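Engineer: Below is one structure. I have some questions about it.
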There are 2 protein chains.
Amino acid sequence: MEVSQTLRRHFPDGVIAASCPSRVVLDHVTSKWGFLVLLALAEGDSLRWSELRRRVQGVSEKMLAQTLRTLEADGLVARDAKPVVPPHVEYSLTPLGAELAQLLTPLMDWLVVHAPDILDRAG
Amino acid sequence: MEVSQTLRRHFPDGVIAASCPSRVVLDHVTSKWGFLVLLALAEGDSLRWSELRRRVQGVSEKMLAQTLRTLEADGLVARDAKPVVPPHVEYSLTPLGAELAQLLTPLMDWLVVHAPDILDRAG
DNA sequence: CTGTATCCCCACCGATACTG
DNA sequence: CAGTATCGGTGGGGATACAG
């Protein structure tokens, strides 16, 4: 197996610099809830706040808000607040976020399929 | 965009259960250093402890050891300690780990390419 | 060279209460 | 409905010293 040409081009010696900007985004994506929020939106549908809370099981209001704000600031998630009462807010992936989510989905697939074996072995 | 058939089959309602075993493995892979350690080994070469420390910039001895033990217990990383003095230990991906790493590499590619834009926008 | 052992902090996160 | 504000604990993780 080989790492990609892209990575080789950026890091010929195989070292990803601690100062590399990708570390920051990696932290966002691999944050406790970032991955699951992006995945929940990966179907392409807009989801309401309450629907997101339901799908990302276990997330608290605080962490959902924080995660959504981070991902929105990163340009990965779009927030659409309709000016009605009671409030109605929809979240969806931006084109950039959709690109990213396409890479996350096969990873989650693999984890779902192999997790039982892995945990059996690990005890 | 659509989530994969695999995810749909496991979670028809789009909800990944909080109790799903994949959450545990997801935590290992998305842990602060798990992703980078797997990536460092993704070239396929065996790496020595000291080489890993060099490539995964910023990791402490404690966290490298802990991460490697977790990944080894998960069957993703193989540890080969040669009975010589001074000690000589090599780490590599298992076939399972190599499968996983193949999904991680394109993700890191994407992050490296897009991180600058994302951070510019996010400030 | 390849780790373990220990101390300790603080940032993450959950729980709860409250608001437009 | 869709959040914000605040408090408190907890364990992840860094620093250091030590060991086989």
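Labels for the structure tokens follow display order: chains A, B, ..., residues from 1 in each chain, ligands from 1.
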Using only C-alpha atoms (C1' of nucleotides), what does the table of chain D residues within 10 Å of chain B look like, with each row giving the shortest atom pair and its distance in Å to one decimal, sorted by chain and ascending number, as a tab-separated table?
Structural biologist:
residue	atom	partner	partner_atom	distance
D:DG12	C1'	B:Lys32	CA	9.4
D:DG13	C1'	B:Met63	CA	7.1
D:DG14	C1'	B:Ser60	CA	7.2
D:DA15	C1'	B:Ser60	CA	9.1
D:DG20	C1'	B:Pro87	CA	9.4
Engineer: Counting only C-alpha atoms (C1' of nucleotides), give me one row per residue of chain C with an atom at most 12 Å from an atom of chain B, showing the shortest contact pair and its distance in Å to one decimal, sorted by chain then residue number, as JSON lines.
Structural biologist:
{"residue": "C:DC1", "atom": "C1'", "partner": "B:Pro87", "partner_atom": "CA", "distance": 5.4}
{"residue": "C:DT2", "atom": "C1'", "partner": "B:Pro87", "partner_atom": "CA", "distance": 6.3}
{"residue": "C:DG3", "atom": "C1'", "partner": "B:Ala65", "partner_atom": "CA", "distance": 7.8}
{"residue": "C:DT4", "atom": "C1'", "partner": "B:Lys62", "partner_atom": "CA", "distance": 8.8}
{"residue": "C:DA5", "atom": "C1'", "partner": "B:Lys62", "partner_atom": "CA", "distance": 10.2}
{"residue": "C:DT6", "atom": "C1'", "partner": "B:Lys62", "partner_atom": "CA", "distance": 11.5}
Engineer: Write the selection just made, keeping all heavy atoms, as a CSV table (one decimal), in the first residue's frame?
Structural biologist:
chain,number,residue,atom,x,y,z
C,1,DC,P,18.7,5.9,20.3
C,1,DC,OP1,18.2,6.0,18.9
C,1,DC,OP2,18.4,6.9,21.3
C,1,DC,O5',18.5,4.4,20.8
C,1,DC,C5',18.4,3.4,19.8
C,1,DC,C4',17.3,2.4,20.3
C,1,DC,O4',17.5,2.2,21.7
C,1,DC,C3',15.9,2.9,20.1
C,1,DC,O3',15.1,1.9,19.6
C,1,DC,C2',15.4,3.3,21.5
C,1,DC,C1',16.3,2.3,22.4
C,1,DC,N1,16.6,2.9,23.7
C,1,DC,C2,16.3,2.2,24.9
C,1,DC,O2,15.7,1.1,24.8
C,1,DC,N3,16.5,2.7,26.1
C,1,DC,C4,17.1,3.9,26.2
C,1,DC,N4,17.4,4.3,27.4
C,1,DC,C5,17.5,4.6,25.0
C,1,DC,C6,17.2,4.1,23.8
C,2,DT,P,13.6,2.1,19.2
C,2,DT,OP1,13.2,1.1,18.1
C,2,DT,OP2,13.3,3.5,18.9
C,2,DT,O5',12.8,1.6,20.5
C,2,DT,C5',12.9,0.3,20.9
C,2,DT,C4',12.1,0.1,22.2
C,2,DT,O4',12.8,0.8,23.3
C,2,DT,C3',10.7,0.6,22.2
C,2,DT,O3',9.8,-0.3,22.9
C,2,DT,C2',10.8,1.9,23.0
C,2,DT,C1',11.8,1.5,24.1
C,2,DT,N1,12.5,2.6,24.8
C,2,DT,C2,12.6,2.5,26.2
C,2,DT,O2,12.2,1.5,26.8
C,2,DT,N3,13.2,3.6,26.8
C,2,DT,C4,13.7,4.7,26.1
C,2,DT,O4,14.2,5.6,26.8
C,2,DT,C5,13.5,4.8,24.7
C,2,DT,C7,14.0,6.0,23.9
C,2,DT,C6,13.0,3.7,24.1
C,3,DG,P,8.2,-0.2,22.5
C,3,DG,OP1,7.6,-1.3,23.2
C,3,DG,OP2,8.1,-0.1,21.1
C,3,DG,O5',7.7,1.2,23.1
C,3,DG,C5',6.9,1.2,24.2
C,3,DG,C4',7.7,1.0,25.5
C,3,DG,O4',8.8,2.0,25.5
C,3,DG,C3',6.9,1.3,26.8
C,3,DG,O3',6.3,0.1,27.2
C,3,DG,C2',8.0,1.8,27.8
C,3,DG,C1',9.2,2.1,26.9
C,3,DG,N9,9.7,3.5,27.1
C,3,DG,C8,9.9,4.5,26.2
C,3,DG,N7,10.4,5.6,26.7
C,3,DG,C5,10.5,5.3,28.0
C,3,DG,C6,11.0,6.1,29.1
C,3,DG,O6,11.5,7.3,29.0
C,3,DG,N1,11.0,5.4,30.3
C,3,DG,C2,10.6,4.2,30.5
C,3,DG,N2,10.6,3.7,31.7
C,3,DG,N3,10.1,3.4,29.5
C,3,DG,C4,10.1,4.0,28.3
C,4,DT,P,4.9,0.3,27.9
C,4,DT,OP1,4.0,-0.8,27.5
C,4,DT,OP2,4.5,1.7,27.8
C,4,DT,O5',5.2,0.0,29.5
C,4,DT,C5',6.3,0.5,30.0
C,4,DT,C4',6.4,0.5,31.5
C,4,DT,O4',7.3,1.6,31.8
C,4,DT,C3',5.1,0.8,32.3
C,4,DT,O3',5.3,0.3,33.7
C,4,DT,C2',5.1,2.4,32.3
C,4,DT,C1',6.5,2.7,32.4
C,4,DT,N1,6.9,3.9,31.6
C,4,DT,C2,7.5,5.0,32.2
C,4,DT,O2,7.8,4.9,33.4
C,4,DT,N3,7.8,6.0,31.4
C,4,DT,C4,7.5,6.2,30.1
C,4,DT,O4,7.8,7.2,29.5
C,4,DT,C5,6.9,5.0,29.5
C,4,DT,C7,6.5,5.1,28.0
C,4,DT,C6,6.6,4.0,30.2
C,5,DA,P,4.1,0.4,34.7
C,5,DA,OP1,4.2,-0.8,35.6
C,5,DA,OP2,2.8,0.6,34.0
C,5,DA,O5',4.5,1.7,35.6
C,5,DA,C5',5.8,1.9,36.1
C,5,DA,C4',5.8,3.1,37.0
C,5,DA,O4',6.2,4.3,36.2
C,5,DA,C3',4.5,3.5,37.7
C,5,DA,O3',4.8,3.9,39.0
C,5,DA,C2',3.9,4.6,36.8
C,5,DA,C1',5.2,5.3,36.3
C,5,DA,N9,5.0,5.9,35.0
C,5,DA,C8,4.5,5.4,33.9
C,5,DA,N7,4.5,6.2,32.8
C,5,DA,C5,5.1,7.4,33.3
C,5,DA,C6,5.4,8.6,32.7
C,5,DA,N6,5.2,8.9,31.4
C,5,DA,N1,6.0,9.5,33.5
C,5,DA,C2,6.3,9.3,34.8
C,5,DA,N3,6.0,8.1,35.5
C,5,DA,C4,5.4,7.2,34.7
C,6,DT,P,3.5,4.1,40.0
C,6,DT,OP1,4.0,3.6,41.4
C,6,DT,OP2,2.3,3.6,39.4
C,6,DT,O5',3.4,5.7,40.1
C,6,DT,C5',4.6,6.5,40.3
C,6,DT,C4',4.4,7.9,40.0
C,6,DT,O4',4.4,8.2,38.6
C,6,DT,C3',3.0,8.4,40.6
C,6,DT,O3',3.3,9.4,41.6
C,6,DT,C2',2.4,9.2,39.4
C,6,DT,C1',3.6,9.3,38.4
C,6,DT,N1,3.2,9.3,37.0
C,6,DT,C2,3.5,10.4,36.2
C,6,DT,O2,4.2,11.4,36.7
C,6,DT,N3,3.1,10.3,34.9
C,6,DT,C4,2.4,9.3,34.3
C,6,DT,O4,2.1,9.4,33.1
C,6,DT,C5,2.1,8.2,35.2
C,6,DT,C7,1.3,7.1,34.6
C,6,DT,C6,2.4,8.3,36.4
Engineer: Sort by chain and increasing residue number a table of all residues of chain A within 8 Å of chain B, each with its closest pair of atoms and their distance in Å to one decimal, counting only C-alpha atoms, and write it as JSON lines.
Structural biologist:
{"residue": "A:Met1", "atom": "CA", "partner": "B:Gly44", "partner_atom": "CA", "distance": 5.4}
{"residue": "A:Glu2", "atom": "CA", "partner": "B:Glu43", "partner_atom": "CA", "distance": 4.6}
{"residue": "A:Val3", "atom": "CA", "partner": "B:Glu43", "partner_atom": "CA", "distance": 5.1}
{"residue": "A:Ser4", "atom": "CA", "partner": "B:Thr105", "partner_atom": "CA", "distance": 6.9}
{"residue": "A:Thr6", "atom": "CA", "partner": "B:Asp109", "partner_atom": "CA", "distance": 6.1}
{"residue": "A:Leu7", "atom": "CA", "partner": "B:Asp109", "partner_atom": "CA", "distance": 5.9}
{"residue": "A:Gly14", "atom": "CA", "partner": "B:Arg55", "partner_atom": "CA", "distance": 6.6}
{"residue": "A:Val15", "atom": "CA", "partner": "B:Arg55", "partner_atom": "CA", "distance": 4.4}
{"residue": "A:Ile16", "atom": "CA", "partner": "B:Arg55", "partner_atom": "CA", "distance": 6.7}
{"residue": "A:Ala17", "atom": "CA", "partner": "B:Gln57", "partner_atom": "CA", "distance": 6.2}
{"residue": "A:Ala18", "atom": "CA", "partner": "B:Gln57", "partner_atom": "CA", "distance": 5.3}
{"residue": "A:Pro21", "atom": "CA", "partner": "B:Ala115", "partner_atom": "CA", "distance": 5.7}
{"residue": "A:Ser22", "atom": "CA", "partner": "B:Ala115", "partner_atom": "CA", "distance": 5.0}
{"residue": "A:Val24", "atom": "CA", "partner": "B:Ala115", "partner_atom": "CA", "distance": 7.9}
{"residue": "A:Val25", "atom": "CA", "partner": "B:Ala115", "partner_atom": "CA", "distance": 6.2}
{"residue": "A:Leu26", "atom": "CA", "partner": "B:Leu111", "partner_atom": "CA", "distance": 7.0}
{"residue": "A:Asp27", "atom": "CA", "partner": "B:Lys32", "partner_atom": "CA", "distance": 7.6}
{"residue": "A:Thr30", "atom": "CA", "partner": "B:Thr30", "partner_atom": "CA", "distance": 5.0}
{"residue": "A:Ser31", "atom": "CA", "partner": "B:Thr30", "partner_atom": "CA", "distance": 7.3}
{"residue": "A:Lys32", "atom": "CA", "partner": "B:Asp27", "partner_atom": "CA", "distance": 7.6}
{"residue": "A:Ala40", "atom": "CA", "partner": "B:Gly14", "partner_atom": "CA", "distance": 6.9}
{"residue": "A:Ala42", "atom": "CA", "partner": "B:Val3", "partner_atom": "CA", "distance": 6.1}
{"residue": "A:Glu43", "atom": "CA", "partner": "B:Glu2", "partner_atom": "CA", "distance": 4.6}
{"residue": "A:Gly44", "atom": "CA", "partner": "B:Met1", "partner_atom": "CA", "distance": 5.4}
{"residue": "A:Arg54", "atom": "CA", "partner": "B:Val15", "partner_atom": "CA", "distance": 7.4}
{"residue": "A:Arg55", "atom": "CA", "partner": "B:Val15", "partner_atom": "CA", "distance": 4.4}
{"residue": "A:Val56", "atom": "CA", "partner": "B:Val15", "partner_atom": "CA", "distance": 6.6}
{"residue": "A:Gln57", "atom": "CA", "partner": "B:Ala18", "partner_atom": "CA", "distance": 5.2}
{"residue": "A:Gly58", "atom": "CA", "partner": "B:Ala18", "partner_atom": "CA", "distance": 6.1}
{"residue": "A:Ala73", "atom": "CA", "partner": "B:Ala122", "partner_atom": "CA", "distance": 5.0}
{"residue": "A:Asp74", "atom": "CA", "partner": "B:Ala122", "partner_atom": "CA", "distance": 5.2}
{"residue": "A:Gly75", "atom": "CA", "partner": "B:Ile118", "partner_atom": "CA", "distance": 6.6}
{"residue": "A:Ala98", "atom": "CA", "partner": "B:Met1", "partner_atom": "CA", "distance": 7.6}
{"residue": "A:Leu100", "atom": "CA", "partner": "B:Trp110", "partner_atom": "CA", "distance": 7.4}
{"residue": "A:Leu103", "atom": "CA", "partner": "B:Leu107", "partner_atom": "CA", "distance": 5.9}
{"residue": "A:Leu104", "atom": "CA", "partner": "B:Leu107", "partner_atom": "CA", "distance": 7.4}
{"residue": "A:Thr105", "atom": "CA", "partner": "B:Val3", "partner_atom": "CA", "distance": 6.5}
{"residue": "A:Pro106", "atom": "CA", "partner": "B:Leu103", "partner_atom": "CA", "distance": 7.2}
{"residue": "A:Leu107", "atom": "CA", "partner": "B:Leu103", "partner_atom": "CA", "distance": 5.9}
{"residue": "A:Met108", "atom": "CA", "partner": "B:Leu7", "partner_atom": "CA", "distance": 7.8}
{"residue": "A:Asp109", "atom": "CA", "partner": "B:Leu7", "partner_atom": "CA", "distance": 5.9}
{"residue": "A:Trp110", "atom": "CA", "partner": "B:Leu100", "partner_atom": "CA", "distance": 7.4}
{"residue": "A:Leu111", "atom": "CA", "partner": "B:Ser22", "partner_atom": "CA", "distance": 5.4}
{"residue": "A:Val112", "atom": "CA", "partner": "B:Ser22", "partner_atom": "CA", "distance": 5.1}
{"residue": "A:His114", "atom": "CA", "partner": "B:Ser22", "partner_atom": "CA", "distance": 7.9}
{"residue": "A:Ala115", "atom": "CA", "partner": "B:Ser22", "partner_atom": "CA", "distance": 5.0}
{"residue": "A:Pro116", "atom": "CA", "partner": "B:Pro21", "partner_atom": "CA", "distance": 6.2}
{"residue": "A:Ile118", "atom": "CA", "partner": "B:Asp74", "partner_atom": "CA", "distance": 5.2}
{"residue": "A:Leu119", "atom": "CA", "partner": "B:Asp74", "partner_atom": "CA", "distance": 6.7}
{"residue": "A:Arg121", "atom": "CA", "partner": "B:Asp74", "partner_atom": "CA", "distance": 6.6}
{"residue": "A:Ala122", "atom": "CA", "partner": "B:Ala73", "partner_atom": "CA", "distance": 5.0}
Engineer: Would you put the residues from that selection into a file with C-alpha atoms, as a tab-separated table (two decimals), in the first residue's frame?
Structural biologist:
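Result written to result_13.tsv:
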chain	number	residue	atom	x	y	z
A	1	MET	CA	0.00	0.00	0.00
A	2	GLU	CA	1.10	3.54	-0.64
A	3	VAL	CA	0.07	6.90	0.64
A	4	SER	CA	-1.30	9.09	-2.06
A	6	THR	CA	-1.04	14.26	-2.82
A	7	LEU	CA	0.28	13.52	0.62
A	14	GLY	CA	6.16	11.28	5.57
A	15	VAL	CA	5.91	13.71	8.42
A	16	ILE	CA	2.73	15.74	8.79
A	17	ALA	CA	3.91	18.94	10.44
A	18	ALA	CA	2.41	19.76	13.81
A	21	PRO	CA	-3.44	23.69	9.00
A	22	SER	CA	-4.98	20.31	8.32
A	24	VAL	CA	-7.07	22.07	12.95
A	25	VAL	CA	-9.69	20.86	10.51
A	26	LEU	CA	-8.85	17.29	11.42
A	27	ASP	CA	-9.64	18.19	15.02
A	30	THR	CA	-12.65	14.02	14.40
A	31	SER	CA	-14.12	15.90	17.34
A	32	LYS	CA	-16.40	13.90	19.57
A	40	ALA	CA	-26.19	12.61	9.78
A	42	ALA	CA	-24.63	13.10	4.51
A	43	GLU	CA	-27.90	11.90	3.04
A	44	GLY	CA	-28.25	15.32	1.49
A	54	ARG	CA	-32.57	12.67	17.46
A	55	ARG	CA	-30.21	11.22	14.89
A	56	VAL	CA	-26.96	11.99	16.66
A	57	GLN	CA	-27.87	9.96	19.69
A	58	GLY	CA	-26.30	11.05	22.93
A	73	ALA	CA	-17.67	28.57	10.46
A	74	ASP	CA	-15.59	26.05	8.50
A	75	GLY	CA	-17.99	26.34	5.60
A	98	ALA	CA	-20.75	17.22	0.83
A	100	LEU	CA	-15.96	15.75	2.71
A	103	LEU	CA	-15.08	10.44	2.22
A	104	LEU	CA	-16.56	9.94	5.66
A	105	THR	CA	-19.33	7.60	4.60
A	106	PRO	CA	-17.17	4.69	3.40
A	107	LEU	CA	-15.17	5.03	6.61
A	108	MET	CA	-18.30	4.70	8.72
A	109	ASP	CA	-19.42	1.79	6.57
A	110	TRP	CA	-16.21	0.01	7.28
A	111	LEU	CA	-16.40	0.74	11.00
A	112	VAL	CA	-19.97	-0.51	11.26
A	114	HIS	CA	-15.82	-4.45	11.31
A	115	ALA	CA	-16.47	-3.00	14.75
A	116	PRO	CA	-17.95	-6.20	16.19
A	118	ILE	CA	-12.54	-5.62	16.46
A	119	LEU	CA	-14.25	-5.38	19.81
A	121	ARG	CA	-10.73	-9.39	19.69
A	122	ALA	CA	-10.02	-6.44	21.94
Engineer: Got a sec: who's within 8 Å of Ser46 of chain A, counting only C-alpha atoms (C1' of nucleotides), leaving out chain neighbours fewer than 6 positions off, as a PyMOL selection string?
Structural biologist: chain A and resi 90-93
Engineer: Using N, CA and C atoms, can you export the residues from the last selection as a PDB file, in the first residue's frame?
Structural biologist:
ATOM      1  N   GLU A  90     -33.028  24.975   9.552  1.00  0.00           N
ATOM      2  CA  GLU A  90     -32.596  23.776   8.842  1.00  0.00           C
ATOM      3  C   GLU A  90     -31.100  23.805   8.615  1.00  0.00           C
ATOM      4  N   TYR A  91     -30.492  22.639   8.785  1.00  0.00           N
ATOM      5  CA  TYR A  91     -29.057  22.491   8.550  1.00  0.00           C
ATOM      6  C   TYR A  91     -28.848  21.538   7.380  1.00  0.00           C
ATOM      7  N   SER A  92     -27.855  21.867   6.586  1.00  0.00           N
ATOM      8  CA  SER A  92     -27.514  20.988   5.472  1.00  0.00           C
ATOM      9  C   SER A  92     -26.011  21.105   5.206  1.00  0.00           C
ATOM     10  N   LEU A  93     -25.502  20.234   4.370  1.00  0.00           N
ATOM     11  CA  LEU A  93     -24.100  20.319   3.992  1.00  0.00           C
ATOM     12  C   LEU A  93     -23.934  21.349   2.880  1.00  0.00           C
TER      13      LEU A  93
END
Engineer: What does the distance from atom C1' of DC8 of chain C to atom CA of Leu68 of chain B come to in Å, to one decimal?
Structural biologist: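 A separation of 23.5 Å between them.
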Engineer: For DT10 of chain D, please output as a list in words all residues within 12 Å (counting only C-alpha atoms (C1' of nucleotides); exclusion window: fewer than 6 positions along the same chain).
Structural biologist: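 So, after excluding close chain neighbours, the residues are DC9, DC10, DA11, DC12, DC13 and DG14 of chain C.
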Engineer: Store the residues picked out above in a file with C-alpha atoms (C1' of nucleotides), as an mmCIF file, in the first residue's frame.
Structural biologist:
data_model
loop_
_atom_site.group_PDB
_atom_site.id
_atom_site.type_symbol
_atom_site.label_atom_id
_atom_site.label_comp_id
_atom_site.auth_asym_id
_atom_site.auth_seq_id
_atom_site.Cartn_x
_atom_site.Cartn_y
_atom_site.Cartn_z
ATOM 1 C "C1'" DC C 9 -3.980 20.473 35.152
ATOM 2 C "C1'" DC C 10 -7.415 22.241 32.384
ATOM 3 C "C1'" DA C 11 -10.428 21.883 28.574
ATOM 4 C "C1'" DC C 12 -14.016 19.170 27.264
ATOM 5 C "C1'" DC C 13 -18.273 17.844 28.060
ATOM 6 C "C1'" DG C 14 -22.765 16.740 30.494
#
Engineer: When you draw a straight line from atom CA of Val37 of chain A to atom CA of Thr67 of chain A, how long is it in Å?
Structural biologist: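 About the pair atom CA of Val37 of chain A and atom CA of Thr67 of chain A: they are 7.9 Å apart.
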Engineer: Using DSSP on the backbone coordinates, identify the residues of chain A assigned to strand (DSSP E); present them as a compact mmCIF listing (two decimals) with N, CA and C atoms, in the first residue's frame.
Structural biologist:
# COMPACT_ATOMS: atom_id res chain seq x y z
N LEU A 47 -31.81 18.99 7.67
CA LEU A 47 -32.37 18.48 8.92
C LEU A 47 -32.59 19.63 9.88
N ARG A 48 -33.67 19.54 10.61
CA ARG A 48 -33.94 20.53 11.64
C ARG A 48 -33.13 20.21 12.88
N VAL A 77 -21.09 23.27 6.83
CA VAL A 77 -22.51 23.13 7.11
C VAL A 77 -23.19 24.48 6.88
N ALA A 78 -24.36 24.44 6.27
CA ALA A 78 -25.14 25.66 6.03
C ALA A 78 -26.31 25.71 6.99
N ARG A 79 -26.56 26.88 7.54
CA ARG A 79 -27.65 27.08 8.49
C ARG A 79 -28.69 27.98 7.84
N ASP A 80 -29.92 27.53 7.81
CA ASP A 80 -30.99 28.29 7.20
C ASP A 80 -32.10 28.51 8.22
N ALA A 81 -32.15 29.70 8.80
CA ALA A 81 -33.15 30.01 9.81
C ALA A 81 -34.33 30.73 9.16
N LYS A 82 -35.46 30.07 9.13
CA LYS A 82 -36.64 30.69 8.52
C LYS A 82 -37.27 31.63 9.54
N HIS A 88 -37.87 27.94 13.00
CA HIS A 88 -37.69 26.76 12.16
C HIS A 88 -36.33 26.91 11.48
N VAL A 89 -35.36 26.07 11.89
CA VAL A 89 -34.00 26.18 11.38
C VAL A 89 -33.60 24.87 10.73
N GLU A 90 -33.03 24.98 9.55
CA GLU A 90 -32.60 23.78 8.84
C GLU A 90 -31.10 23.81 8.62
N TYR A 91 -30.49 22.64 8.79
CA TYR A 91 -29.06 22.49 8.55
C TYR A 91 -28.85 21.54 7.38
N SER A 92 -27.86 21.87 6.59
CA SER A 92 -27.51 20.99 5.47
C SER A 92 -26.01 21.11 5.21
N LEU A 93 -25.50 20.23 4.37
CA LEU A 93 -24.10 20.32 3.99
C LEU A 93 -23.93 21.35 2.88
Engineer: Near DT6 of chain D, within 12 Å and counting only C-alpha atoms (C1' of nucleotides), which residues show up once chain neighbours fewer than 6 positions away are dropped, as a PyMOL selection string?
Structural biologist: (chain A and resi 62) or (chain C and resi 15-18)
Engineer: Could you write out that same residue set with N, CA and C atoms (P, O5', C5', C4', C3', O3' and C1' of nucleotides) as an mmCIF file, in the first residue's frame?
Structural biologist:
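Result went into again-v7.cif, see below:
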data_model
loop_
_atom_site.group_PDB
_atom_site.id
_atom_site.type_symbol
_atom_site.label_atom_id
_atom_site.label_comp_id
_atom_site.auth_asym_id
_atom_site.auth_seq_id
_atom_site.Cartn_x
_atom_site.Cartn_y
_atom_site.Cartn_z
ATOM 1 N N LYS A 62 -25.792 21.546 24.193
ATOM 2 C CA LYS A 62 -24.593 22.381 24.162
ATOM 3 C C LYS A 62 -23.609 21.920 23.092
ATOM 4 P P DA C 15 -25.819 13.956 30.882
ATOM 5 O "O5'" DA C 15 -26.194 15.096 31.939
ATOM 6 C "C5'" DA C 15 -25.392 15.239 33.116
ATOM 7 C "C4'" DA C 15 -26.031 16.273 34.034
ATOM 8 C "C3'" DA C 15 -27.553 16.396 33.921
ATOM 9 O "O3'" DA C 15 -28.107 16.512 35.224
ATOM 10 C "C1'" DA C 15 -26.538 18.483 33.405
ATOM 11 P P DT C 16 -29.716 16.597 35.408
ATOM 12 O "O5'" DT C 16 -29.990 18.151 35.577
ATOM 13 C "C5'" DT C 16 -29.148 18.909 36.445
ATOM 14 C "C4'" DT C 16 -29.413 20.385 36.250
ATOM 15 C "C3'" DT C 16 -30.890 20.760 36.067
ATOM 16 O "O3'" DT C 16 -31.306 21.536 37.185
ATOM 17 C "C1'" DT C 16 -29.467 21.926 34.541
ATOM 18 P P DA C 17 -32.895 22.020 37.296
ATOM 19 O "O5'" DA C 17 -32.812 23.538 36.821
ATOM 20 C "C5'" DA C 17 -31.751 24.363 37.306
ATOM 21 C "C4'" DA C 17 -31.729 25.657 36.517
ATOM 22 C "C3'" DA C 17 -33.111 26.257 36.262
ATOM 23 O "O3'" DA C 17 -33.138 27.615 36.690
ATOM 24 C "C1'" DA C 17 -31.872 26.116 34.239
ATOM 25 P P DC C 18 -34.532 28.464 36.607
ATOM 26 O "O5'" DC C 18 -34.337 29.356 35.294
ATOM 27 C "C5'" DC C 18 -33.121 30.100 35.138
ATOM 28 C "C4'" DC C 18 -32.978 30.579 33.699
ATOM 29 C "C3'" DC C 18 -34.196 31.317 33.147
ATOM 30 O "O3'" DC C 18 -33.819 32.616 32.745
ATOM 31 C "C1'" DC C 18 -33.363 29.738 31.579
#
Engineer: When DSSP works through the backbone of this structure, what residues of segment 32-103 of chain A end up as alpha helix (DSSP H), shown as an MDAnalysis selection string?
Structural biologist: chainID A and resid 34:40 49:55 61:73 95:103
Engineer: Could you save the residues just selected, with C-alpha atoms, as an mmCIF file, in the first residue's frame?
Structural biologist:
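Once everything was written out, this is result.cif:
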data_model
loop_
_atom_site.group_PDB
_atom_site.id
_atom_site.type_symbol
_atom_site.label_atom_id
_atom_site.label_comp_id
_atom_site.auth_asym_id
_atom_site.auth_seq_id
_atom_site.Cartn_x
_atom_site.Cartn_y
_atom_site.Cartn_z
ATOM 1 C CA GLY A 34 -18.246 16.419 14.349
ATOM 2 C CA PHE A 35 -17.962 13.153 12.501
ATOM 3 C CA LEU A 36 -21.456 12.007 13.460
ATOM 4 C CA VAL A 37 -23.085 15.353 12.671
ATOM 5 C CA LEU A 38 -21.530 15.418 9.212
ATOM 6 C CA LEU A 39 -22.624 11.841 8.721
ATOM 7 C CA ALA A 40 -26.186 12.607 9.776
ATOM 8 C CA TRP A 49 -32.214 21.047 14.948
ATOM 9 C CA SER A 50 -34.513 18.634 16.743
ATOM 10 C CA GLU A 51 -34.076 16.034 14.024
ATOM 11 C CA LEU A 52 -30.307 16.295 14.337
ATOM 12 C CA ARG A 53 -30.557 15.804 18.077
ATOM 13 C CA ARG A 54 -32.570 12.666 17.456
ATOM 14 C CA ARG A 55 -30.215 11.219 14.886
ATOM 15 C CA GLU A 61 -27.768 20.590 23.274
ATOM 16 C CA LYS A 62 -24.593 22.381 24.162
ATOM 17 C CA MET A 63 -22.344 20.117 22.139
ATOM 18 C CA LEU A 64 -24.680 20.029 19.162
ATOM 19 C CA ALA A 65 -24.732 23.827 19.082
ATOM 20 C CA GLN A 66 -20.982 24.068 19.489
ATOM 21 C CA THR A 67 -20.307 21.449 16.826
ATOM 22 C CA LEU A 68 -22.712 23.052 14.357
ATOM 23 C CA ARG A 69 -21.184 26.478 14.917
ATOM 24 C CA THR A 70 -17.695 25.148 14.274
ATOM 25 C CA LEU A 71 -18.718 23.286 11.140
ATOM 26 C CA GLU A 72 -20.668 26.282 9.906
ATOM 27 C CA ALA A 73 -17.669 28.572 10.461
ATOM 28 C CA PRO A 95 -20.905 21.658 -1.443
ATOM 29 C CA LEU A 96 -17.597 21.557 0.420
ATOM 30 C CA GLY A 97 -19.147 19.618 3.277
ATOM 31 C CA ALA A 98 -20.754 17.222 0.834
ATOM 32 C CA GLU A 99 -17.352 16.518 -0.692
ATOM 33 C CA LEU A 100 -15.963 15.747 2.712
ATOM 34 C CA ALA A 101 -18.942 13.627 3.706
ATOM 35 C CA GLN A 102 -18.385 11.440 0.673
ATOM 36 C CA LEU A 103 -15.079 10.441 2.217
#
